[in-house]
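A.B. asks: Here you go, final.cif (mmCIF, C-alpha atoms):
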data_run
#
loop_
_atom_site.label_atom_id
_atom_site.label_comp_id
_atom_site.auth_asym_id
_atom_site.auth_seq_id
_atom_site.Cartn_x
_atom_site.Cartn_y
_atom_site.Cartn_z
CA ARG A 445 135.10 90.87 29.81
CA PHE A 446 135.21 93.25 32.75
CA ASN A 447 137.54 96.16 32.13
CA PRO A 448 138.01 98.36 35.19
CA MET A 449 139.34 101.19 33.03
CA GLU A 450 136.19 101.43 30.97
CA PRO A 451 133.48 103.37 32.80
CA ALA A 452 130.13 101.69 32.92
CA VAL A 453 127.10 103.28 31.29
CA PRO A 454 123.52 102.06 31.16
CA THR A 455 122.95 99.71 28.23
CA GLN A 456 120.13 100.28 25.76
CA LEU A 457 118.23 97.45 27.42
CA GLU A 458 118.62 99.06 30.85
CA LYS A 459 117.54 102.43 29.51
CA GLU A 460 114.41 101.14 27.76
CA LYS A 461 113.41 98.20 29.92
CA VAL A 462 114.36 99.41 33.36
CA ASN A 463 115.01 103.15 33.73
CA GLU A 464 112.24 104.44 31.49
CA ILE A 465 109.75 101.88 32.76
CA TYR A 466 110.19 102.93 36.39
CA GLU A 467 109.63 106.54 35.41
CA LYS A 468 106.33 105.55 33.77
CA ILE A 469 105.04 103.29 36.52
CA ALA A 470 106.42 105.16 39.52
CA PRO A 471 103.18 106.00 41.38
CA HIS A 472 101.63 102.58 40.83
CA PHE A 473 104.89 100.83 41.65
CA SER A 474 105.24 102.89 44.81
CA ALA A 475 101.71 101.99 45.89
CA THR A 476 102.64 98.30 45.86
CA ARG A 477 105.92 98.81 47.72
CA TYR A 478 105.00 99.54 51.28
CA LYS A 479 105.88 96.59 53.44
CA PRO A 480 109.57 96.21 54.30
CA TRP A 481 110.98 92.74 53.86
CA PRO A 482 111.48 91.07 57.26
CA LEU A 483 115.19 90.23 56.83
CA VAL A 484 116.12 93.74 55.74
CA ASP A 485 113.78 95.30 58.26
CA LYS A 486 115.42 93.39 61.11
CA PHE A 487 118.92 94.30 59.93
CA LEU A 488 118.09 97.99 59.79
CA ARG A 489 116.31 98.13 63.14
CA GLU A 490 119.41 96.78 64.90
CA LEU A 491 121.78 99.48 63.66
CA PRO A 492 123.54 101.67 66.25
CA VAL A 493 122.27 105.19 66.89
CA GLY A 494 123.79 107.70 64.48
CA SER A 495 124.55 105.11 61.79
CA LEU A 496 124.96 106.53 58.32
CA VAL A 497 123.22 104.42 55.68
CA ALA A 498 123.25 104.78 51.90
CA ASP A 499 120.18 103.29 50.24
CA VAL A 500 121.28 102.82 46.64
CA GLY A 501 118.25 102.31 44.44
CA CYS A 502 115.95 103.48 47.21
CA GLY A 503 112.87 103.74 45.00
CA ASN A 504 109.99 105.24 46.96
CA GLY A 505 112.04 105.26 50.16
CA LYS A 506 110.40 102.20 51.62
CA TYR A 507 113.29 101.37 53.96
CA MET A 508 114.42 104.85 54.82
CA GLY A 509 112.12 105.37 57.77
CA VAL A 510 112.56 101.94 59.35
CA ASN A 511 115.15 103.17 61.85
CA PRO A 512 114.67 106.80 62.85
CA ASN A 513 117.94 106.79 64.80
CA ALA A 514 120.01 106.20 61.69
CA LEU A 515 120.53 108.72 58.94
CA PHE A 516 119.52 107.40 55.55
CA ILE A 517 120.52 109.05 52.32
CA GLY A 518 118.67 107.59 49.35
CA ALA A 519 119.60 107.62 45.70
CA ASP A 520 117.63 106.34 42.73
CA ARG A 521 117.80 106.84 39.01
CA SER A 522 114.07 107.41 38.75
CA ALA A 523 113.29 111.07 39.40
CA ASN A 524 109.60 110.17 39.78
CA LEU A 525 110.24 107.61 42.48
CA ILE A 526 112.64 110.00 44.23
CA SER A 527 109.96 112.67 44.18
CA ILE A 528 107.64 110.26 46.00
CA ALA A 529 110.36 109.43 48.54
CA GLY A 530 111.15 113.10 48.98
CA LYS A 531 107.56 113.92 49.87
CA LYS A 532 107.95 111.61 52.86
CA GLY A 533 110.67 113.92 54.17
CA TYR A 534 113.65 111.67 53.44
CA GLU A 535 117.05 112.86 52.26
CA VAL A 536 117.12 111.72 48.67
CA LEU A 537 118.80 112.52 45.39
CA VAL A 538 118.70 111.40 41.79
CA ALA A 539 121.79 109.43 40.80
CA ASP A 540 122.96 106.31 39.00
CA ASN A 541 124.27 103.26 40.88
CA LEU A 542 127.05 103.06 38.28
CA ARG A 543 128.39 106.49 39.23
CA LEU A 544 127.45 107.53 42.75
CA PRO A 545 128.06 111.15 43.79
CA TYR A 546 129.26 110.12 47.23
CA CYS A 547 132.72 110.52 48.70
CA SER A 548 134.52 107.24 49.24
CA SER A 549 134.51 105.37 52.53
CA ARG A 550 131.96 107.54 54.36
CA PHE A 551 128.97 105.30 54.99
CA ASP A 552 128.62 102.78 57.83
CA TYR A 553 126.18 100.69 55.84
CA VAL A 554 124.92 100.45 52.30
CA ILE A 555 121.73 98.72 51.22
CA SER A 556 120.94 97.60 47.69
CA ILE A 557 117.45 96.11 47.74
CA ALA A 558 116.16 94.60 44.49
CA VAL A 559 118.49 96.65 42.31
CA LEU A 560 121.43 94.59 41.04
CA HIS A 561 119.12 92.29 39.08
CA HIS A 562 118.32 95.15 36.72
CA PHE A 563 121.81 95.31 35.24
CA SER A 564 121.99 93.53 31.92
CA ASN A 565 125.62 92.47 31.75
CA GLU A 566 128.38 91.38 34.04
CA THR A 567 130.40 94.56 33.56
CA ASN A 568 127.59 96.73 34.89
CA ARG A 569 126.86 94.33 37.72
CA ILE A 570 130.50 94.45 38.82
CA TRP A 571 130.67 98.23 38.44
CA ALA A 572 127.56 98.60 40.57
CA LEU A 573 129.15 96.40 43.24
CA ARG A 574 132.39 98.37 43.08
CA GLU A 575 130.46 101.57 43.77
CA LEU A 576 128.73 100.01 46.76
CA GLN A 577 132.09 98.85 48.12
CA ARG A 578 133.71 102.24 47.46
CA ILE A 579 131.26 104.35 49.44
CA VAL A 580 131.10 102.16 52.55
CA ARG A 581 133.85 102.58 55.14
CA VAL A 582 136.41 99.86 55.73
CA GLY A 583 134.72 97.34 58.00
CA GLY A 584 131.30 98.53 56.89
CA GLN A 585 128.62 96.21 55.59
CA VAL A 586 126.63 96.15 52.37
CA VAL A 587 123.27 94.37 52.34
CA MET A 588 122.00 93.24 48.95
CA THR A 589 118.92 91.44 47.72
CA VAL A 590 118.31 90.18 44.19
CA TRP A 591 115.63 88.03 42.61
CA ALA A 592 116.65 84.38 42.49
CA PHE A 593 116.65 82.10 39.50
CA GLU A 594 115.63 79.36 41.91
CA GLN A 595 112.04 80.14 42.85
CA GLU A 596 109.46 78.28 44.84
CA LYS A 597 106.66 78.14 42.29
CA LYS A 598 108.12 79.20 38.96
CA LYS A 599 110.73 77.41 36.90
CA TYR A 600 112.65 79.69 34.56
CA ASP A 601 114.56 78.48 31.50
CA THR A 602 116.86 81.47 31.29
CA GLN A 603 118.28 83.99 33.69
CA ASP A 604 117.55 87.02 31.55
CA VAL A 605 113.81 87.58 31.60
CA MET A 606 111.19 90.23 30.98
CA ILE A 607 108.64 90.56 33.76
CA PRO A 608 105.46 92.41 32.85
CA TRP A 609 104.05 95.25 34.87
CA HIS A 610 100.32 95.83 34.43
CA LEU A 611 99.80 99.55 34.88
CA LYS A 612 96.37 100.12 36.38
CA PRO A 613 94.12 102.54 34.49
CA GLN A 614 94.13 105.13 37.28
CA PHE A 615 97.92 105.37 37.11
CA GLN A 616 98.08 105.80 33.35
CA HIS A 617 98.67 109.09 31.60
CA LYS A 618 95.78 109.26 29.18
CA PRO A 619 93.94 112.17 27.60
CA LYS A 620 90.62 112.53 29.42
CA LEU A 621 87.73 110.83 27.59
CA SER A 622 84.15 112.06 27.76
CA LYS A 623 81.88 109.90 29.93
CA GLU A 624 80.22 108.36 26.86
CA ASP A 625 83.52 107.45 25.28
CA THR A 626 84.69 105.82 28.48
CA ILE A 627 81.60 103.61 28.73
CA THR A 628 81.81 102.64 25.06
CA LYS A 629 85.48 101.84 25.38
CA LYS A 630 84.97 99.68 28.44
CA LYS A 631 82.07 97.81 26.81
CA ALA A 632 84.16 97.19 23.71
CA LYS A 633 87.00 95.82 25.81
CA LYS A 634 84.68 93.50 27.72
CA GLU A 635 83.14 92.11 24.57
CA LYS A 636 86.53 91.67 23.01
CA LYS A 637 87.67 89.68 26.00
CA ILE A 638 84.65 87.39 26.02
CA SER A 639 84.65 86.59 22.30
CA GLY A 640 87.84 86.10 20.36
CA GLU A 641 90.42 87.39 22.74
CA SER A 642 89.97 84.80 25.48
CA GLY A 643 93.31 83.29 24.66
CA ALA A 644 95.08 86.59 25.20
CA ALA A 645 93.16 87.24 28.41
CA LEU A 646 94.24 83.87 29.73
CA ALA A 647 97.85 84.61 28.94
CA THR A 648 97.63 87.91 30.75
CA THR A 649 96.15 86.27 33.82
CA THR A 650 98.90 83.70 33.79
CA GLN A 651 101.46 86.47 33.53
CA LEU A 652 99.89 88.24 36.48
CA GLU A 653 99.97 85.06 38.50
CA ALA A 654 103.53 84.49 37.45
CA GLU A 655 104.45 88.00 38.40
CA SER A 656 102.80 87.83 41.79
CA ALA A 657 104.45 84.48 42.41
CA ASN A 658 107.85 85.91 41.61
CA LEU A 659 107.58 88.94 43.79
CA PRO A 660 108.76 88.85 47.37
CA ALA A 661 106.04 88.18 49.92
CA GLU A 662 105.28 91.83 50.55
CA SER A 663 103.99 92.41 47.04
CA LYS A 664 101.54 89.54 47.16
CA ALA A 665 99.25 91.66 49.29
CA GLN A 666 97.75 93.19 46.13
CA PRO A 667 95.25 90.67 44.78
CA SER A 668 93.03 93.42 43.40
CA ALA A 669 95.16 93.50 40.25
CA LEU A 670 93.60 90.27 39.09
CA ARG A 671 90.05 91.36 39.83
CA GLU A 672 90.45 94.63 37.97
CA LEU A 673 91.50 92.95 34.76
CA SER A 674 87.99 93.17 33.33
CA GLU A 675 87.32 96.66 34.61
CA GLY A 676 89.52 98.75 32.37
CA THR A 677 92.53 98.67 30.11
CA PHE A 678 95.90 97.80 31.57
CA GLU A 679 98.99 99.07 29.90
CA VAL A 680 101.62 96.40 30.07
CA TYR A 681 105.27 97.27 30.50
CA GLU A 682 108.02 94.74 30.44
CA ARG A 683 110.87 95.12 32.86
CA TYR A 684 114.21 93.46 32.39
CA TYR A 685 115.58 91.21 35.13
CA HIS A 686 118.68 89.10 35.39
CA LEU A 687 117.80 86.35 37.85
CA PHE A 688 120.72 85.32 40.00
CA LYS A 689 121.70 81.70 40.43
CA LYS A 690 122.94 80.31 43.72
CA GLY A 691 126.46 81.59 44.36
CA GLU A 692 126.45 83.97 41.43
CA LEU A 693 126.28 87.24 43.36
CA GLU A 694 128.86 85.90 45.80
CA GLU A 695 131.21 85.13 42.91
CA LEU A 696 130.85 88.65 41.53
CA ILE A 697 131.69 90.04 44.96
CA THR A 698 134.99 88.14 44.93
CA ARG A 699 135.87 90.03 41.75
CA VAL A 700 135.73 93.34 43.63
CA PRO A 701 138.97 93.99 45.51
CA GLY A 702 138.47 94.51 49.24
CA PHE A 703 135.00 93.04 49.32
CA GLU A 704 134.05 89.78 51.05
CA VAL A 705 130.84 87.85 51.54
CA VAL A 706 129.77 87.60 55.17
CA GLN A 707 126.37 85.95 54.83
CA SER A 708 124.26 84.45 52.09
CA THR A 709 120.64 83.28 52.38
CA TRP A 710 117.80 82.36 50.08
CA ASP A 711 114.50 83.80 51.26
CA ALA A 712 111.17 84.13 49.47
CA ASP A 713 112.54 83.79 45.94
CA ASN A 714 115.40 86.18 46.62
CA TRP A 715 119.08 85.94 47.43
CA TYR A 716 119.97 87.97 50.50
CA VAL A 717 123.71 88.62 50.70
CA ILE A 718 125.75 90.67 53.13
CA ALA A 719 129.30 91.68 52.19
CA LYS A 720 131.93 93.55 54.15
CA ARG A 721 134.52 96.02 52.93
CA THR A 722 137.90 94.70 54.05
CA GLN A 723 140.24 97.34 52.66
CA ARG B 570 114.71 105.83 75.07
CA CYS B 571 115.22 106.76 71.47
CA PHE B 572 113.80 109.97 70.07
CA VAL B 573 111.89 109.86 66.86
CA ARG B 574 113.14 112.65 64.67
CA ARG B 575 110.23 114.33 62.99
CA VAL B 576 110.24 117.01 60.38
CA VAL B 577 107.73 119.72 61.25
CA ARG B 578 106.03 120.72 58.06
CA SER B 579 105.46 124.30 57.09
CA PRO B 580 101.88 125.64 57.22
CA VAL B 581 101.68 125.17 53.46
CA GLY B 582 102.29 121.45 53.98
CA ARG B 583 105.32 121.24 51.71
CA VAL B 584 108.22 119.17 52.90
CA ARG B 585 111.53 120.99 53.31
CA ARG B 586 114.64 118.95 52.65
CA MET B 587 118.24 118.71 51.64
CA ARG B 588 120.04 118.98 54.90
CA VAL B 589 123.47 120.51 55.16
CA LEU B 590 124.43 117.11 56.58
CA THR B 591 123.75 115.43 53.24
CA HIS B 592 125.91 117.97 51.41
CA ASN B 593 128.87 116.84 53.52
CA PHE B 594 128.94 113.50 51.66
CA LEU B 595 128.49 114.70 48.09
CA MET B 596 131.24 115.15 45.52
CA CYS B 597 131.53 115.67 41.78
CA SER B 598 131.82 112.38 39.90
CA VAL B 599 132.33 113.64 36.34
CA ARG B 600 134.94 111.58 34.48
CA GLY B 601 138.38 113.02 35.06
CA CYS B 602 137.25 115.28 37.87
CA THR B 603 139.18 113.62 40.65
CA SER B 604 140.84 116.43 42.58
CA ASN B 605 139.34 119.50 44.23
CA ASN B 606 135.91 118.01 43.51
CA TYR B 607 134.80 118.27 47.13
CA PRO B 608 133.09 119.97 48.82
CA LEU B 609 130.64 121.28 46.28
CA THR B 610 129.94 125.00 46.46
CA ILE B 611 126.39 125.75 47.51
CA LYS B 612 124.54 128.41 45.55
CA ALA B 613 121.13 128.49 47.20
CA THR B 614 118.22 130.60 46.02
CA GLN B 615 115.83 129.28 48.65
CA VAL B 616 116.82 128.11 52.09
CA ASP B 617 114.27 127.13 54.72
CA THR B 618 114.55 126.31 58.39
CA VAL B 619 112.56 123.64 60.14
CA GLU B 620 112.43 122.28 63.66
CA SER B 621 113.43 118.74 64.45
CA GLU B 622 114.07 116.81 67.62
CA PHE B 623 117.56 116.91 69.05
CA ASN B 624 119.24 113.62 69.96
CA ALA B 625 122.62 114.09 71.68
CA ASP B 626 123.76 110.50 71.08
CA PHE B 627 122.94 110.80 67.41
CA MET B 628 125.03 113.98 67.17
CA ARG B 629 127.98 112.46 69.09
CA ASN B 630 128.04 109.47 66.77
CA MET B 631 127.67 111.60 63.66
CA ILE B 632 130.49 114.09 64.43
CA PRO B 633 133.38 111.68 63.64
CA LYS B 634 131.74 110.94 60.29
CA LEU B 635 131.80 114.55 59.16
CA GLU B 636 134.41 116.36 57.15
CA TRP B 637 134.68 119.43 59.34
CA ASN B 638 136.36 121.69 56.76
CA ALA B 639 133.64 120.92 54.25
CA LEU B 640 131.04 121.78 56.87
CA VAL B 641 132.73 125.13 57.56
CA ALA B 642 132.71 125.89 53.82
CA SER B 643 129.06 124.93 53.38
CA CYS B 644 128.05 127.12 56.30
CA ARG B 645 129.96 130.01 54.79
CA ASP B 646 128.09 129.47 51.50
CA LEU B 647 124.84 129.68 53.46
CA GLY B 648 125.79 132.74 55.49
CA MET B 649 126.34 130.91 58.76
CA THR B 650 129.45 130.62 60.88
CA ILE B 651 130.66 127.66 62.86
CA PRO B 652 134.04 127.14 64.59
CA GLU B 653 136.89 126.58 62.12
CA ALA B 654 137.91 123.50 64.06
CA LEU B 655 135.93 121.07 66.16
CA PRO B 656 136.18 122.26 69.78
CA GLU B 657 137.96 119.89 72.17
CA ASN B 658 135.05 119.42 74.55
CA ALA B 659 132.48 119.22 71.73
CA MET B 660 131.09 115.84 72.79
CA GLU B 661 130.16 117.08 76.28
CA ASP B 662 129.02 120.57 75.34
CA GLU B 663 125.26 120.27 74.91
CA THR B 664 124.90 123.85 73.64
CA PHE B 665 127.45 123.16 70.95
CA LEU B 666 125.73 119.92 70.01
CA LYS B 667 122.35 121.66 69.79
CA ASN B 668 123.76 124.39 67.56
CA LEU B 669 125.41 121.80 65.38
CA HIS B 670 122.16 119.87 65.21
CA HIS B 671 120.43 123.00 64.01
CA VAL B 672 122.98 123.58 61.26
CA LEU B 673 123.10 119.98 60.10
CA ASN B 674 119.44 119.02 60.36
CA ASN B 675 117.26 122.12 60.39
CA VAL B 676 118.70 124.26 57.63
CA ARG B 677 117.28 123.01 54.34
CA ILE B 678 118.49 123.88 50.87
CA GLN B 679 115.26 123.92 48.94
CA GLU B 680 116.31 125.49 45.64
CA GLY B 681 119.65 126.24 44.06
CA ALA B 682 122.67 124.38 42.80
CA LEU B 683 125.76 122.50 43.97
CA ILE B 684 128.78 123.49 41.94
CA CYS B 685 132.05 121.62 41.51
CA PRO B 686 134.99 123.89 42.36
CA ASN B 687 137.16 121.96 39.92
CA CYS B 688 135.17 121.51 36.72
CA SER B 689 132.31 123.95 37.45
CA ARG B 690 129.67 121.34 36.77
CA SER B 691 126.42 122.59 38.29
CA TYR B 692 124.08 120.07 39.92
CA PRO B 693 120.58 121.53 40.34
CA VAL B 694 118.69 121.30 43.61
CA SER B 695 114.95 121.48 43.08
CA GLN B 696 112.32 121.02 45.79
CA GLY B 697 115.15 120.03 48.07
CA ILE B 698 116.30 117.20 45.81
CA PRO B 699 119.71 117.32 44.14
CA ASN B 700 119.96 115.83 40.68
CA MET B 701 123.39 114.24 40.44
CA LEU B 702 122.77 112.30 37.22
CA LEU B 703 125.56 112.67 34.69
CA THR B 704 125.18 112.79 30.92
CA GLU B 705 126.80 110.08 28.80
CA ASP B 706 129.64 112.46 27.90
CA GLU B 707 130.39 113.14 31.53
CA VAL B 708 130.62 109.47 32.41
#
Give the structure from the file, written as structure tokens.

C.D. replies:
Amino acid sequence: RFNPMEPAVPTQLEKEKVNEIYEKIAPHFSATRYKPWPLVDKFLRELPVGSLVADVGCGNGKYMGVNPNALFIGADRSANLISIAGKKGYEVLVADNLRLPYCSSRFDYVISIAVLHHFSNETNRIWALRELQRIVRVGGQVVMTVWAFEQEKKKYDTQDVMIPWHLKPQFQHKPKLSKEDTITKKKAKKEKKISGESGAALATTTQLEAESANLPAESKAQPSALRELSEGTFEVYERYYHLFKKGELEELITRVPGFEVVQSTWDADNWYVIAKRTQ
Amino acid sequence: RCFVRRVVRSPVGRVRRMRVLTHNFLMCSVRGCTSNNYPLTIKATQVDTVESEFNADFMRNMIPKLEWNALVASCRDLGMTIPEALPENAMEDETFLKNLHHVLNNVRIQEGALICPNCSRSYPVSQGIPNMLLTEDEV
């Protein structure tokens, strides 16, 4: 039950299956996040000159350069992703969506792109929304996207799911092997896959397909992941997602005082919702 | 036509960031720290200056969004002086706007800390990135 007096903290699940994972996969994750999503891209390009935008959960800063006439300030919990965003010259800081270090009512716009689906209970989801509403000025708009339960190709049984991330060998932190060891290791893996482990290999491929099917269109431009399966060892990390059902995010927004839904669209397996701060 | 604001990188190739502008929006969010938690005091050990393109419209639209007193305090922390109050003809005074642009966008806090005047919590700034994450006790 949501208790506004009780401050929200990351749950164990969020710590282990979201926050820590992003720290581990940051460079690889960043490499696959380069193409802004058309709906968000369009929204940002149309902002007035001098607009102040908070990107909460900015990751590698993908959206922060879309409109050079607006000032973006990005925050993310992953120091590694923020470091990548920072190298691009953006104004970024490390902070938690549940407790933003921003003064209230200062931003013209807030964007929350693929973030809210990482909170593992309703309390944290509502707290995150309250923070977004708090920092935007009255009359300002908050643009949110979350992964949808209703997807084009995949049918989920439950809303709370673990989506695997296959960390490519070149992005892994491994002690350096000698050349001989590397060749032996790769040979051993190949043989393993051909002989008894074919079942497991199949499952992994299916997972990859499932993952690429679930991702928004921009991430599908990385087919090499499938080809490289036989070329080295992938470390697999599971990330927690709460997939939103139709109307669910909108209902949570009604539970935040002074926050109203302006627009709601399903697009490419995601819910795209714009809310306005009314008081 | 809109200007593209570019950060000119230093010869070493390292990016300089944390604008004074960003500082204007940051406060202490430790549990219970709800008064006198803004603006944060700047204790900088490394401050760099870059060049970036000036856009008068951008500055005019940004001015109403600033907390002027906090800006005065942050400049003082950094050894700069700006008018105590926003001048009446600020919007038309291009020299003023250019100077303000320099303060807000070109002065970069690369290393140091942001300190809460109320609870003394120190938020480190490293490579121009503030770390505002709280510990579980502070939340």

A.B. asks: Can you work out which residues from chain B touch chain A at a cut-off of 10 Å (counting all atoms listed in the file) and hand them back as a PyMOL selection string?

C.D. replies: chain B and resi 571-578+583-588+590-600+606-608+624-632+634-636+694+696-705+708

A.B. asks: Determine, counting all atoms listed in the file, which protein, DNA and RNA residues have an atom within 6 Å of an atom of range 595-610 of chain A; residues of the same chain fewer than 2 positions away are not included. Present the result as a compact mmCIF listing (two decimals) with C-alpha atoms, in the frame of the given file.

C.D. replies:
# COMPACT_ATOMS: atom_id res chain seq x y z
CA PHE A 678 95.90 97.80 31.57
CA GLU A 679 98.99 99.07 29.90
CA VAL A 680 101.62 96.40 30.07
CA TYR A 681 105.27 97.27 30.50
CA GLU A 682 108.02 94.74 30.44
CA ARG A 683 110.87 95.12 32.86
CA TYR A 684 114.21 93.46 32.39
CA TYR A 685 115.58 91.21 35.13
CA HIS A 686 118.68 89.10 35.39
CA LEU A 687 117.80 86.35 37.85
CA ASP A 713 112.54 83.79 45.94

A.B. asks: CA of Ile718 in chain A and CA of Lys506 in chain A, how far apart in Å?

C.D. replies: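 Going from CA of Lys506 in chain A over to CA of Ile718 in chain A, I get 19.3 Å.
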
A.B. asks: Name the residues that the PyMOL selection byres ((chain A and resi 559-564) around 10) pulls out of this structure, and write them as a PyMOL selection string.

C.D. replies: chain A and resi 454-458+461-463+500-503+520+541-542+555-558+565-573+588-592+603-604+683-688+693

A.B. asks: Between CA of Val706 in chain A and CA of Ala719 in chain A, what is the spacing in Å?

C.D. replies: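 Computing it gives 5.1 Å between the two atoms.
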
A.B. asks: Expanded to explicit residues, what is the PyMOL selection byres ((chain B and resi 686) around 8) for this file, as a list of chain:residue names?

C.D. replies: B:Asn605, B:Asn606, B:Tyr607, B:Pro608, B:Leu609, B:Thr610, B:Ile684, B:Cys685, B:Asn687, B:Cys688, B:Ser689

A.B. asks: Expressed in Å to a single decimal, how great is the separation between CA of Lys468 in chain A and CA of Ser691 in chain B?

C.D. replies: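 CA of Lys468 in chain A sits 26.7 Å away from CA of Ser691 in chain B.
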
A.B. asks: Range 591-610 of chain B, all listed atoms, 6 Å padding on each side: what axis-aligned box centre and edge lengths in Å to one decimal come out, as JSON?

C.D. replies:
{"center_x": 132.3, "center_y": 118.3, "center_z": 44.0, "size_x": 29.1, "size_y": 25.4, "size_z": 31.0}

A.B. asks: Given the choices B:Pro656, B:Gly681, B:Gly648, B:Gly601, which gets closest to Gln615 in chain B if the distance is worked out from all atoms listed in the file?

C.D. replies: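 Of all the options, B:Gly681 lies closest to Gln615 in chain B.
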
A.B. asks: Leaving out Ser708 in chain A and any residue of its chain fewer than 6 positions from it, which residues lie within 9 Å of it when counting all atoms listed in the file, given as a PyMOL selection string?

C.D. replies: chain A and resi 691+694+715-719

A.B. asks: Spell out the residues picked by the PyMOL selection byres ((chain B and resi 646) around 9) here, as a PyMOL selection string.

C.D. replies: chain B and resi 610-613+641-645+647-649

A.B. asks: Between B:Glu622, B:Ile651, B:Glu707, B:Ser604, which one has atoms that come closest to Asn668 in chain B, using all atoms listed in the file?

C.D. replies: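 Closest residue, counting all atoms listed in the file: B:Ile651.
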